[in-house]
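Data file: final-v1.cif. Format and content: mmCIF, C-alpha atoms and all ligand atoms.
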```cif
data_final
#
loop_
_atom_site.label_atom_id
_atom_site.label_comp_id
_atom_site.auth_asym_id
_atom_site.auth_seq_id
_atom_site.Cartn_x
_atom_site.Cartn_y
_atom_site.Cartn_z
CA MET D 23 12.05 -13.77 -15.09
CA ILE D 24 14.72 -11.24 -14.33
CA LEU D 25 17.00 -9.35 -16.67
CA PHE D 26 20.35 -8.16 -15.34
CA LEU D 27 21.60 -5.15 -17.27
CA LYS D 28 25.20 -4.34 -18.14
CA LEU D 29 26.90 -1.88 -15.81
CA ASP D 30 27.12 0.78 -18.50
CA ALA D 31 23.44 0.57 -19.52
CA SER D 32 22.09 4.07 -20.16
CA GLU D 33 18.62 5.41 -19.37
CA LYS D 34 17.80 5.00 -23.03
CA ASP D 35 18.82 1.33 -22.90
CA VAL D 36 16.60 0.82 -19.87
CA GLU D 37 13.66 2.40 -21.67
CA LYS D 38 14.25 0.12 -24.64
CA VAL D 39 14.19 -2.98 -22.44
CA LYS D 40 11.06 -1.78 -20.65
CA GLU D 41 9.31 -1.22 -23.98
CA LYS D 42 10.28 -4.68 -25.14
CA VAL D 43 8.94 -6.24 -21.94
CA ALA D 44 5.67 -4.31 -22.22
CA SER D 45 5.28 -5.29 -25.88
CA LEU D 46 5.32 -8.92 -24.76
CA GLY D 47 2.43 -8.30 -22.36
CA CYS D 48 4.54 -8.30 -19.18
CA THR D 49 5.20 -5.65 -16.55
CA PRO D 50 8.78 -4.46 -15.97
CA HIS D 51 9.89 -3.63 -12.40
CA LEU D 52 13.20 -1.84 -11.94
CA ILE D 53 15.30 -3.18 -9.09
CA TYR D 54 18.22 -0.99 -8.14
CA GLY D 55 21.11 -2.72 -6.42
CA THR D 56 24.33 -0.98 -5.45
CA GLU D 57 26.19 -2.93 -8.10
CA LYS D 58 23.66 -3.99 -10.68
CA LEU D 59 20.46 -2.74 -12.22
CA ALA D 60 17.91 -5.46 -12.83
CA ILE D 61 14.49 -5.53 -14.42
CA ALA D 62 12.10 -8.11 -13.05
CA LEU D 63 9.21 -9.24 -15.22
CA THR D 64 5.81 -10.23 -13.98
CA GLY D 65 2.92 -11.48 -16.09
CA PRO D 66 2.83 -14.28 -18.64
CA THR D 67 6.58 -14.96 -18.56
CA THR D 68 6.50 -18.74 -19.01
CA SER D 69 6.12 -18.52 -22.77
CA LEU D 70 8.93 -15.97 -23.16
CA ASP D 71 12.21 -16.88 -24.79
CA GLU D 72 15.34 -15.79 -22.86
CA GLU D 73 17.25 -15.39 -26.12
CA GLU D 74 14.97 -12.59 -27.22
CA PHE D 75 16.23 -10.39 -24.39
CA LEU D 76 19.86 -11.36 -24.82
CA LEU D 77 19.65 -9.84 -28.30
CA LEU D 78 19.35 -6.44 -26.64
CA ASP D 79 22.81 -4.90 -26.20
CA SER D 80 22.29 -3.79 -22.61
CA VAL D 81 21.07 -7.15 -21.25
CA GLN D 82 23.84 -9.20 -19.70
CA GLU D 83 21.99 -12.12 -18.16
CA VAL D 84 18.49 -13.56 -18.06
CA LEU D 85 17.39 -15.61 -15.09
CA ARG D 86 14.18 -17.48 -14.41
CA ILE D 87 12.99 -17.16 -10.82
CA SER D 88 12.08 -20.55 -9.47
CA LYS D 89 10.00 -19.40 -6.50
CA LYS D 90 6.26 -18.58 -6.56
CA TYR D 91 7.04 -15.15 -5.18
CA LYS D 92 9.27 -13.24 -7.56
CA LEU D 93 9.96 -9.63 -6.62
CA VAL D 94 10.43 -10.36 -2.91
CA SER D 95 12.88 -13.17 -3.53
CA ARG D 96 16.64 -13.05 -3.15
CA GLU D 97 16.80 -14.40 -6.68
CA ALA D 98 15.46 -11.07 -7.91
CA LYS D 99 17.72 -9.05 -5.61
CA ASN D 100 20.57 -10.60 -3.74
CA GLU D 101 21.51 -7.72 -1.49
CA ASP D 102 19.45 -6.62 1.52
CA SER D 103 16.90 -3.91 0.78
CA ILE D 104 17.34 -0.76 2.79
CA ILE D 105 14.35 1.47 3.42
CA LYS D 106 15.18 5.15 3.90
CA ILE D 107 12.88 7.40 5.90
CA ASP D 108 13.96 10.93 6.63
CA GLY D 109 17.59 10.03 7.28
CA LEU D 110 16.80 6.74 9.04
CA GLU D 111 17.83 3.51 7.36
CA ILE D 112 15.96 0.28 7.97
CA GLY D 113 17.43 -3.09 7.00
CA GLY D 114 20.97 -4.15 6.10
CA ASP D 115 23.18 -3.90 9.17
CA ASN D 116 20.83 -1.51 10.99
CA LEU D 117 18.84 -2.55 14.03
CA THR D 118 15.69 -0.44 14.40
CA VAL D 119 13.17 -0.31 17.22
CA ILE D 120 9.60 0.92 16.82
CA ALA D 121 7.75 1.50 20.09
CA GLY D 122 4.52 2.89 21.46
CA PRO D 123 1.12 1.92 22.82
CA CYS D 124 -1.20 -0.55 21.15
CA SER D 125 -3.96 2.08 20.81
CA ILE D 126 -4.29 5.82 20.87
CA GLU D 127 -6.52 6.50 23.87
CA SER D 128 -6.22 10.25 24.37
CA ARG D 129 -3.98 13.14 23.36
CA GLN D 130 -2.45 13.22 26.83
CA GLN D 131 -1.73 9.48 26.90
CA LEU D 132 -0.09 9.69 23.48
CA PHE D 133 2.12 12.66 24.35
CA ASP D 134 3.14 11.16 27.73
CA ILE D 135 4.31 7.91 26.13
CA ALA D 136 5.86 9.52 23.06
CA GLY D 137 7.73 12.00 25.28
CA SER D 138 9.34 9.22 27.34
CA LEU D 139 10.27 7.29 24.20
CA LYS D 140 11.82 10.34 22.59
CA GLU D 141 13.97 10.81 25.71
CA MET D 142 15.28 7.29 25.07
CA GLY D 143 16.17 8.16 21.50
CA ILE D 144 13.25 6.30 19.89
CA ARG D 145 12.16 8.05 16.71
CA LEU D 146 9.69 5.54 15.26
CA PHE D 147 6.48 5.77 17.25
CA ARG D 148 3.67 3.24 16.92
CA ALA D 149 0.04 3.66 18.03
CA GLY D 150 -3.18 2.40 16.50
CA ALA D 151 -6.02 4.72 15.50
CA TYR D 152 -8.06 2.01 13.77
CA LYS D 153 -8.03 -1.17 15.83
CA PRO D 154 -9.08 -4.49 14.30
CA ARG D 155 -10.43 -6.25 17.40
CA THR D 156 -11.62 -9.82 17.74
CA SER D 157 -14.73 -8.61 19.55
CA PRO D 158 -17.03 -5.97 18.02
CA TYR D 159 -17.67 -4.72 21.57
CA ALA D 160 -14.00 -4.04 22.34
CA PHE D 161 -12.44 -0.57 21.91
CA GLN D 162 -12.20 0.06 18.18
CA GLY D 163 -9.81 3.01 18.31
CA LEU D 164 -10.20 6.79 18.11
CA LYS D 165 -10.06 6.61 14.30
CA GLU D 166 -9.75 10.07 12.60
CA LYS D 167 -9.30 11.82 15.95
CA GLY D 168 -6.42 9.44 16.67
CA LEU D 169 -4.80 10.30 13.36
CA GLU D 170 -5.02 14.00 14.29
CA TYR D 171 -3.16 13.32 17.53
CA LEU D 172 -0.51 11.37 15.63
CA ALA D 173 -0.05 14.29 13.26
CA ASP D 174 0.50 16.50 16.34
CA ILE D 175 3.13 14.08 17.69
CA LYS D 176 4.91 14.22 14.37
CA LYS D 177 4.79 18.00 14.21
CA GLU D 178 5.59 18.77 17.82
CA LEU D 179 8.03 15.98 18.70
CA GLY D 180 9.47 15.21 15.26
CA MET D 181 8.74 11.52 15.63
CA LEU D 182 8.06 9.21 12.71
CA ILE D 183 4.68 7.53 12.78
CA VAL D 184 3.79 3.86 12.35
CA THR D 185 0.07 3.15 12.40
CA GLU D 186 -2.29 0.54 11.05
CA ALA D 187 -4.53 0.80 8.01
CA LYS D 188 -7.52 -1.44 8.66
CA ASP D 189 -9.29 -1.16 5.31
CA THR D 190 -9.07 0.27 1.81
CA GLU D 191 -11.50 3.08 2.69
CA THR D 192 -9.20 4.64 5.30
CA LEU D 193 -5.82 3.68 3.82
CA GLY D 194 -5.42 7.09 2.17
CA LEU D 195 -6.04 8.97 5.43
CA VAL D 196 -3.67 6.68 7.34
CA ALA D 197 -0.96 7.01 4.68
CA GLU D 198 -1.09 10.82 4.91
CA VAL D 199 -0.07 10.77 8.57
CA SER D 200 2.15 7.69 8.68
CA ASP D 201 5.76 7.28 7.76
CA ILE D 202 5.22 3.52 7.78
CA VAL D 203 1.79 2.03 7.19
CA GLN D 204 1.15 -1.10 9.20
CA ILE D 205 -0.99 -3.89 7.77
CA GLY D 206 -2.11 -6.11 10.61
CA ALA D 207 -2.09 -9.87 11.00
CA ARG D 208 -5.84 -10.09 10.42
CA ASN D 209 -5.49 -8.28 7.11
CA MET D 210 -2.45 -10.10 5.77
CA GLN D 211 -4.55 -11.67 3.06
CA ASN D 212 -6.83 -8.73 2.39
CA PHE D 213 -5.69 -8.61 -1.20
CA SER D 214 -7.51 -5.38 -2.11
CA LEU D 215 -5.78 -3.65 0.80
CA LEU D 216 -2.41 -5.10 -0.22
CA GLU D 217 -2.86 -3.94 -3.80
CA LYS D 218 -3.81 -0.47 -2.67
CA ALA D 219 -0.84 -0.39 -0.28
CA GLY D 220 1.30 -1.19 -3.28
CA CYS D 221 0.26 2.10 -4.85
CA ILE D 222 1.07 4.43 -1.95
CA GLU D 223 4.40 6.13 -1.55
CA LYS D 224 4.98 5.03 2.02
CA PRO D 225 6.78 1.98 3.38
CA VAL D 226 4.53 -0.83 4.57
CA LEU D 227 5.05 -3.01 7.64
CA LEU D 228 3.26 -6.25 6.80
CA LYS D 229 2.49 -8.53 9.72
CA ARG D 230 2.26 -12.28 9.39
CA GLY D 231 -1.27 -13.66 9.68
CA LEU D 232 -2.30 -15.71 12.68
CA SER D 233 -2.38 -18.93 10.68
CA ALA D 234 -0.23 -17.96 7.74
CA SER D 235 2.79 -19.89 6.56
CA ILE D 236 6.03 -18.13 5.70
CA GLU D 237 5.21 -18.62 2.04
CA ASP D 238 1.76 -17.04 2.54
CA LEU D 239 3.47 -14.00 4.05
CA LEU D 240 5.91 -13.73 1.16
CA MET D 241 3.10 -14.07 -1.37
CA SER D 242 1.19 -11.28 0.37
CA ALA D 243 4.26 -9.05 0.24
CA GLU D 244 4.50 -9.88 -3.46
CA TYR D 245 1.08 -8.23 -3.97
CA ILE D 246 2.50 -4.96 -2.64
CA LEU D 247 5.74 -5.09 -4.63
CA ALA D 248 3.91 -6.07 -7.80
CA GLN D 249 2.11 -2.70 -7.69
CA GLY D 250 5.44 -0.86 -7.51
CA ASN D 251 5.98 -0.33 -3.78
CA PHE D 252 9.24 -2.09 -2.88
CA ASP D 253 9.49 -0.59 0.61
CA VAL D 254 8.04 -3.47 2.57
CA ILE D 255 9.06 -4.71 6.02
CA LEU D 256 7.97 -8.23 6.92
CA CYS D 257 6.97 -8.77 10.53
CA GLU D 258 6.78 -12.01 12.51
CA ARG D 259 4.22 -11.49 15.30
CA GLY D 260 3.44 -14.98 16.51
CA ILE D 261 1.17 -17.65 15.13
CA ARG D 262 -1.61 -19.78 16.58
CA THR D 263 -0.57 -23.13 17.96
CA PHE D 264 -2.00 -25.56 20.54
CA GLU D 265 -0.07 -23.76 23.29
CA THR D 266 -2.26 -21.97 25.82
CA TYR D 267 0.31 -20.59 28.25
CA THR D 268 1.21 -17.81 25.85
CA ARG D 269 -1.04 -15.62 23.65
CA ASN D 270 0.65 -16.76 20.44
CA THR D 271 3.76 -18.73 19.58
CA LEU D 272 6.48 -16.41 18.36
CA ASP D 273 7.97 -18.24 15.41
CA LEU D 274 11.57 -17.11 15.54
CA ASN D 275 12.37 -19.80 12.96
CA ALA D 276 10.79 -17.42 10.48
CA VAL D 277 13.56 -14.87 10.87
CA PRO D 278 16.55 -16.73 9.44
CA VAL D 279 14.30 -18.57 7.00
CA ILE D 280 12.87 -15.35 5.53
CA LYS D 281 16.24 -13.60 5.60
CA LYS D 282 17.56 -16.34 3.33
CA LEU D 283 14.57 -16.26 0.96
CA SER D 284 13.97 -12.53 0.72
CA HIS D 285 15.90 -9.26 0.52
CA LEU D 286 13.23 -7.42 2.53
CA PRO D 287 13.90 -6.32 6.13
CA VAL D 288 12.45 -8.65 8.75
CA PHE D 289 11.05 -7.32 12.03
CA VAL D 290 9.71 -9.15 15.05
CA ASP D 291 6.84 -8.11 17.34
CA PRO D 292 7.61 -9.83 20.64
CA SER D 293 4.64 -8.13 22.36
CA HIS D 294 1.91 -9.87 20.34
CA GLY D 295 4.23 -12.83 19.81
CA ILE D 296 4.18 -13.94 23.43
CA GLY D 297 1.51 -11.66 24.86
CA ILE D 298 2.94 -11.41 28.39
CA TRP D 299 4.90 -8.28 29.29
CA ASP D 300 7.56 -9.82 31.53
CA LYS D 301 8.58 -12.22 28.77
CA VAL D 302 8.84 -9.53 26.10
CA PRO D 303 12.48 -8.65 26.98
CA ALA D 304 13.63 -12.26 26.50
CA MET D 305 11.86 -12.57 23.16
CA SER D 306 13.24 -9.21 22.02
CA MET D 307 16.78 -10.39 22.65
CA GLY D 308 16.02 -13.75 21.04
CA ALA D 309 14.67 -12.07 17.92
CA VAL D 310 17.75 -9.92 17.48
CA ALA D 311 20.02 -12.88 18.13
CA CYS D 312 18.17 -14.68 15.30
CA GLY D 313 18.97 -11.87 12.87
CA ALA D 314 15.92 -9.61 13.02
CA ASP D 315 16.44 -6.17 11.47
CA GLY D 316 14.13 -4.56 13.95
CA LEU D 317 11.52 -4.88 16.66
CA ILE D 318 8.10 -3.38 17.21
CA ILE D 319 7.32 -3.26 20.92
CA GLU D 320 4.23 -2.11 22.80
CA VAL D 321 4.95 0.41 25.55
CA HIS D 322 2.34 2.00 27.82
CA ASN D 323 2.77 4.37 30.75
CA LYS D 324 -0.18 2.78 32.59
CA PRO D 325 -0.43 -0.80 31.29
CA ASN D 326 -3.15 -1.68 33.82
CA GLU D 327 -5.43 1.00 32.44
CA ALA D 328 -4.68 0.41 28.74
CA LEU D 329 -7.73 0.03 26.50
CA SER D 330 -6.01 -2.74 24.55
CA ASP D 331 -3.06 -5.08 25.06
CA GLY D 332 -2.03 -3.70 28.45
CA PHE D 333 -0.98 -7.15 29.63
CA GLN D 334 1.72 -7.37 26.99
CA SER D 335 2.87 -3.73 27.23
CA LEU D 336 6.13 -2.70 28.87
CA THR D 337 6.34 0.39 31.05
CA PRO D 338 8.79 2.99 29.73
CA LYS D 339 11.14 2.02 32.56
CA ASN D 340 11.17 -1.67 31.62
CA PHE D 341 11.44 -0.78 27.96
CA GLU D 342 14.53 1.29 28.70
CA LYS D 343 16.16 -1.80 30.21
CA VAL D 344 15.49 -3.70 26.99
CA LEU D 345 17.08 -0.92 24.98
CA SER D 346 20.28 -0.96 26.96
CA LYS D 347 20.54 -4.75 26.59
CA LEU D 348 19.92 -4.42 22.85
CA SER D 349 22.75 -1.90 22.61
CA GLN D 350 25.07 -4.55 24.01
CA LEU D 351 23.70 -7.33 21.83
CA ALA D 352 23.67 -5.44 18.52
CA PRO D 353 27.45 -5.44 17.85
CA ILE D 354 27.64 -9.17 18.64
CA VAL D 355 25.26 -9.85 15.75
CA ASP D 356 26.98 -7.27 13.50
CA LYS D 357 24.24 -4.68 13.76
CA LYS D 358 24.29 -0.95 14.38
CA PHE D 359 21.57 0.02 16.83
CA VAL D 360 20.11 3.23 15.44
CA ARG D 361 17.42 4.92 17.49
CA GLY D 362 16.91 8.01 15.37
CA PHE D 363 17.30 10.64 18.10
CA GLU D 364 20.28 11.32 20.26
CA VAL D 365 19.99 9.29 23.47
CA LYS D 366 19.43 11.62 26.40
CA SER D 367 19.25 9.08 29.18
CA CYS D 368 19.55 5.29 29.24
C1 LIG D 401 -1.07 -4.26 16.85
O1 LIG D 401 0.07 -4.04 16.40
O2 LIG D 401 -1.55 -3.65 17.82
C2 LIG D 401 -1.85 -5.36 16.26
C3 LIG D 401 -3.16 -5.36 16.27
O3 LIG D 401 -1.07 -6.31 15.75
P1 LIG D 401 -1.44 -7.69 14.97
O4 LIG D 401 -2.04 -7.27 13.69
O5 LIG D 401 -0.11 -8.35 14.83
O6 LIG D 401 -2.37 -8.45 15.87
MN MN D 402 -1.69 -4.48 20.11
#
```
Same coordinates, now as C-alpha cells:
Amino acid sequence: MILFLKLDASEKDVEKVKEKVASLGCTPHLIYGTEKLAIALTGPTTSLDEEEFLLLDSVQEVLRISKKYKLVSREAKNEDSIIKIDGLEIGGDNLTVIAGPCSIESRQQLFDIAGSLKEMGIRLFRAGAYKPRTSPYAFQGLKEKGLEYLADIKKELGMLIVTEAKDTETLGLVAEVSDIVQIGARNMQNFSLLEKAGCIEKPVLLKRGLSASIEDLLMSAEYILAQGNFDVILCERGIRTFETYTRNTLDLNAVPVIKKLSHLPVFVDPSHGIGIWDKVPAMSMGAVACGADGLIIEVHNKPNEALSDGFQSLTPKNFEKVLSKLSQLAPIVDKKFVRGFEVKSC
C-alpha cells in the first residue's frame, strides 16, 4: 500500500502519518519524488482499510500495489530513481560506465589499469578483492590487501570504487572502501547479505543470478529497499541457457522489461554476459540501444595474464573504442554520457 501526501504536507504531517502506520504494525518508507512525497507501507497491509488513512488531512490518495515487489515497483514511484555519488548522477537520462579488471592482482596492475581508465574520463572503477569462484582452487582474490589497494586508488587518483561483497562477514569492510557495493550473481539470493546491504549507507549494484527470473531479481532488490536502502542498481549479466558458444546468454529483454516495472537504474554487464572479449563491444552498444542506464565492463592491461576472466576483458585500447562509439550512440537514445572526469584523450 502506498500513501501519496498532499503537496503542502509539513514535516509534522509526515510524522503523524508515520506514527499511524507504525501503530497498525506496518513499516513506513518515505519515497521522495520531485513532485510528490509518498509513504510506502510494508508489513501486514492486506487487512488495512484505505479509508483510515484518507481521514488524515495530509493524505491525498491511497493506492494498493498489485505486484509482489512493492518498493522497487513503478507503482510506488513513477519517476526514475537517480543515485547521487559525489557529484555523479546514475539513472534518469544519464549513461554511466563502470570499468576495471575482474580481480585485483597486485598494486601495480591496479594502478596501471586505473590510470589508463582515468585518462579516458572513467571515474567509476571496478575490481574484485573477494572473488566468488566456481572452483575452490581458482584465485580467490587478494581480500583485505586488495581493499587496501582500492583505498589507495581512491585517495591517489580520486576514482570511485565498485567492488564485490561476498558475504555478511566482510560486507562492512567492503562498504568502507566502496562507493558502490556489488552483490554478485551467485549471491543474488543470499537473503542475509541482501538484508545487511539494506542497512549500509552505500549504493548497491545487484547482479541477476545465473538462473534467476526478472521477478526473482526484483524480489531480491526488494529485500534491500525494505531495510531502508533505496540506492540500488539492477544489473543484467547474462543467464544460463542451453547455448554453449557463449559463456552466458545476455538477456537484453530484461532491460526494457525492468525499466517498465521498476524505477531503479538498470545496468548491463556485457563482459560476463557473453564472455568473449571481441563480442563485448557489440553487446555494449546493444545494451545501451535497449535503454540501459549504464554498463559495467571488464578491462585488463594484460588480458592473457589475468588471474580471472581475461578472455572476456578488453584492453584499454579496445575499451577506448567502445567509449567513443557510446558517445555517438548516447544522444540517439536520449542519454547524456557522463564519465565523471574530464576526457583527456579519446
Ligand atoms: C564479476 O563482476 O567479476 C563477477 C564475478 O560477476 P558475476 O557475479 O556477475 O558473475
Ligand atoms: Mn569477472
Could the residues that lie within 8 Å of ligand MN 402 (chain D), counting all atoms listed in the file, be listed as a PDB file with C-alpha atoms, keeping the file's coordinate frame?
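Ended up saving to result-v2.pdb:
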```pdb
ATOM      1  CA  PRO D 123       1.120   1.920  22.820  1.00  0.00           C
ATOM      2  CA  CYS D 124      -1.200  -0.550  21.150  1.00  0.00           C
ATOM      3  CA  SER D 125      -3.960   2.080  20.810  1.00  0.00           C
ATOM      4  CA  GLY D 150      -3.180   2.400  16.500  1.00  0.00           C
ATOM      5  CA  SER D 293       4.640  -8.130  22.360  1.00  0.00           C
ATOM      6  CA  HIS D 294       1.910  -9.870  20.340  1.00  0.00           C
ATOM      7  CA  GLU D 320       4.230  -2.110  22.800  1.00  0.00           C
ATOM      8  CA  SER D 330      -6.010  -2.740  24.550  1.00  0.00           C
ATOM      9  CA  ASP D 331      -3.060  -5.080  25.060  1.00  0.00           C
TER      10      ASP D 331
END
```
Item to complete: Please check which protein, DNA or RNA residues sit within 6 Å of ligand LIG 401 (chain D), counting all atoms listed in the file, and write them as a list in words.
Response: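 Listed by chain and ascending number, the contacts are Cys124, Gly206, Ala207, Arg208, Lys229 and Arg259 of chain D.
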Within 12 Å of segment 271-274 of chain D, which residues of segment 246-267 of chain D show up? Give each one with its shortest atom-to-atom distance in Å (one decimal) and the two atoms involved, counting all atoms listed in the file, rows by chain then rising residue number, as JSON lines.
```
{"residue": "D:Cys257", "atom": "CA", "partner": "D:Asp273", "partner_atom": "CA", "distance": 10.7}
{"residue": "D:Glu258", "atom": "CA", "partner": "D:Asp273", "partner_atom": "CA", "distance": 7.0}
{"residue": "D:Arg259", "atom": "CA", "partner": "D:Leu272", "partner_atom": "CA", "distance": 6.2}
{"residue": "D:Gly260", "atom": "CA", "partner": "D:Leu272", "partner_atom": "CA", "distance": 3.8}
{"residue": "D:Ile261", "atom": "CA", "partner": "D:Thr271", "partner_atom": "CA", "distance": 5.3}
{"residue": "D:Arg262", "atom": "CA", "partner": "D:Thr271", "partner_atom": "CA", "distance": 6.2}
{"residue": "D:Thr263", "atom": "CA", "partner": "D:Thr271", "partner_atom": "CA", "distance": 6.4}
{"residue": "D:Phe264", "atom": "CA", "partner": "D:Thr271", "partner_atom": "CA", "distance": 9.0}
{"residue": "D:Glu265", "atom": "CA", "partner": "D:Thr271", "partner_atom": "CA", "distance": 7.3}
{"residue": "D:Thr266", "atom": "CA", "partner": "D:Thr271", "partner_atom": "CA", "distance": 9.3}
{"residue": "D:Tyr267", "atom": "CA", "partner": "D:Thr271", "partner_atom": "CA", "distance": 9.5}
```
Just the selected residues (C-alpha atoms), exported as a CSV table (one decimal), keeping the file's coordinate frame, please.
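selection-v9.csv written:
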```
chain,number,residue,atom,x,y,z
D,257,CYS,CA,7.0,-8.8,10.5
D,258,GLU,CA,6.8,-12.0,12.5
D,259,ARG,CA,4.2,-11.5,15.3
D,260,GLY,CA,3.4,-15.0,16.5
D,261,ILE,CA,1.2,-17.6,15.1
D,262,ARG,CA,-1.6,-19.8,16.6
D,263,THR,CA,-0.6,-23.1,18.0
D,264,PHE,CA,-2.0,-25.6,20.5
D,265,GLU,CA,-0.1,-23.8,23.3
D,266,THR,CA,-2.3,-22.0,25.8
D,267,TYR,CA,0.3,-20.6,28.2
```
| query | Which value, in Å to one decimal, gives the distance between atom CA of Asp356 of chain D and atom CA of Gly313 of chain D? | reply |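 We find that atom CA of Asp356 of chain D and atom CA of Gly313 of chain D lie 9.3 Å from each other.
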Of D:Asp174, D:Glu166, D:Asp291, D:Glu244, the one sitting nearest Leu216 of chain D when using only C-alpha atoms is D:Glu244
query = atom CA of Val94 of chain D and atom CA of Glu74 of chain D, how far apart in Å?
reply =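 According to the coordinates, atom CA of Glu74 of chain D and atom CA of Val94 of chain D are separated by 24.8 Å.
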Write out as an mmCIF file with C-alpha atoms, in the coordinates of the input each polymer residue whose atoms come within 9 Å of Leu132 of chain D, counting all atoms listed in the file; drop sequence neighbours fewer than 6 positions from it.
```
data_model
loop_
_atom_site.group_PDB
_atom_site.id
_atom_site.type_symbol
_atom_site.label_atom_id
_atom_site.label_comp_id
_atom_site.auth_asym_id
_atom_site.auth_seq_id
_atom_site.Cartn_x
_atom_site.Cartn_y
_atom_site.Cartn_z
ATOM 1 C CA GLY D 122 4.520 2.890 21.460
ATOM 2 C CA PRO D 123 1.120 1.920 22.820
ATOM 3 C CA SER D 125 -3.960 2.080 20.810
ATOM 4 C CA ILE D 126 -4.290 5.820 20.870
ATOM 5 C CA ALA D 149 0.040 3.660 18.030
ATOM 6 C CA TYR D 171 -3.160 13.320 17.530
ATOM 7 C CA LEU D 172 -0.510 11.370 15.630
ATOM 8 C CA ILE D 175 3.130 14.080 17.690
#
```
Which residues are near Ile135 of chain D? Cut-off 8 Å, all atoms listed in the file, ignore same chain within fewer than 4 positions. Put them as a JSON list (two decimals) with C-alpha atoms, keeping the file's coordinate frame.
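Just written: out33.json:
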```
[["chain", "number", "residue", "atom", "x", "y", "z"],
["D", 122, "GLY", "CA", 4.52, 2.89, 21.46],
["D", 123, "PRO", "CA", 1.12, 1.92, 22.82],
["D", 131, "GLN", "CA", -1.73, 9.48, 26.90],
["D", 139, "LEU", "CA", 10.27, 7.29, 24.20],
["D", 321, "VAL", "CA", 4.95, 0.41, 25.55],
["D", 322, "HIS", "CA", 2.34, 2.00, 27.82],
["D", 323, "ASN", "CA", 2.77, 4.37, 30.75],
["D", 338, "PRO", "CA", 8.79, 2.99, 29.73]]
```
Please complete segment 327-340 of chain D so it has N, CA and C atoms, and hand it over as a compact mmCIF listing (two decimals), in the frame of the given file.
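Produced file part.txt, reproduced below:
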```txt
# COMPACT_ATOMS: atom_id res chain seq x y z
N GLU D 327 -4.25 0.24 32.87
CA GLU D 327 -5.43 1.00 32.44
C GLU D 327 -5.57 1.04 30.92
N ALA D 328 -4.67 0.35 30.22
CA ALA D 328 -4.68 0.41 28.74
C ALA D 328 -6.00 -0.13 28.18
N LEU D 329 -6.47 0.48 27.11
CA LEU D 329 -7.73 0.03 26.50
C LEU D 329 -7.54 -1.19 25.60
N SER D 330 -6.29 -1.49 25.28
CA SER D 330 -6.01 -2.74 24.55
C SER D 330 -4.58 -3.17 24.84
N ASP D 331 -4.39 -4.45 24.93
CA ASP D 331 -3.06 -5.08 25.06
C ASP D 331 -2.17 -4.58 26.20
N GLY D 332 -2.81 -4.15 27.30
CA GLY D 332 -2.03 -3.70 28.45
C GLY D 332 -1.16 -4.82 29.02
N PHE D 333 -1.68 -6.02 29.00
CA PHE D 333 -0.98 -7.15 29.63
C PHE D 333 0.35 -7.47 28.96
N GLN D 334 0.47 -7.07 27.71
CA GLN D 334 1.72 -7.37 26.99
C GLN D 334 2.59 -6.11 26.83
N SER D 335 2.14 -4.99 27.43
CA SER D 335 2.87 -3.73 27.23
C SER D 335 3.90 -3.51 28.32
N LEU D 336 5.07 -3.02 27.91
CA LEU D 336 6.13 -2.70 28.87
C LEU D 336 5.92 -1.27 29.36
N THR D 337 6.32 -1.00 30.59
CA THR D 337 6.34 0.39 31.05
C THR D 337 7.57 1.03 30.41
N PRO D 338 7.60 2.36 30.30
CA PRO D 338 8.79 2.99 29.73
C PRO D 338 10.06 2.56 30.46
N LYS D 339 9.96 2.39 31.78
CA LYS D 339 11.14 2.02 32.56
C LYS D 339 11.66 0.62 32.16
N ASN D 340 10.75 -0.32 32.02
CA ASN D 340 11.17 -1.67 31.62
C ASN D 340 11.65 -1.70 30.17
```
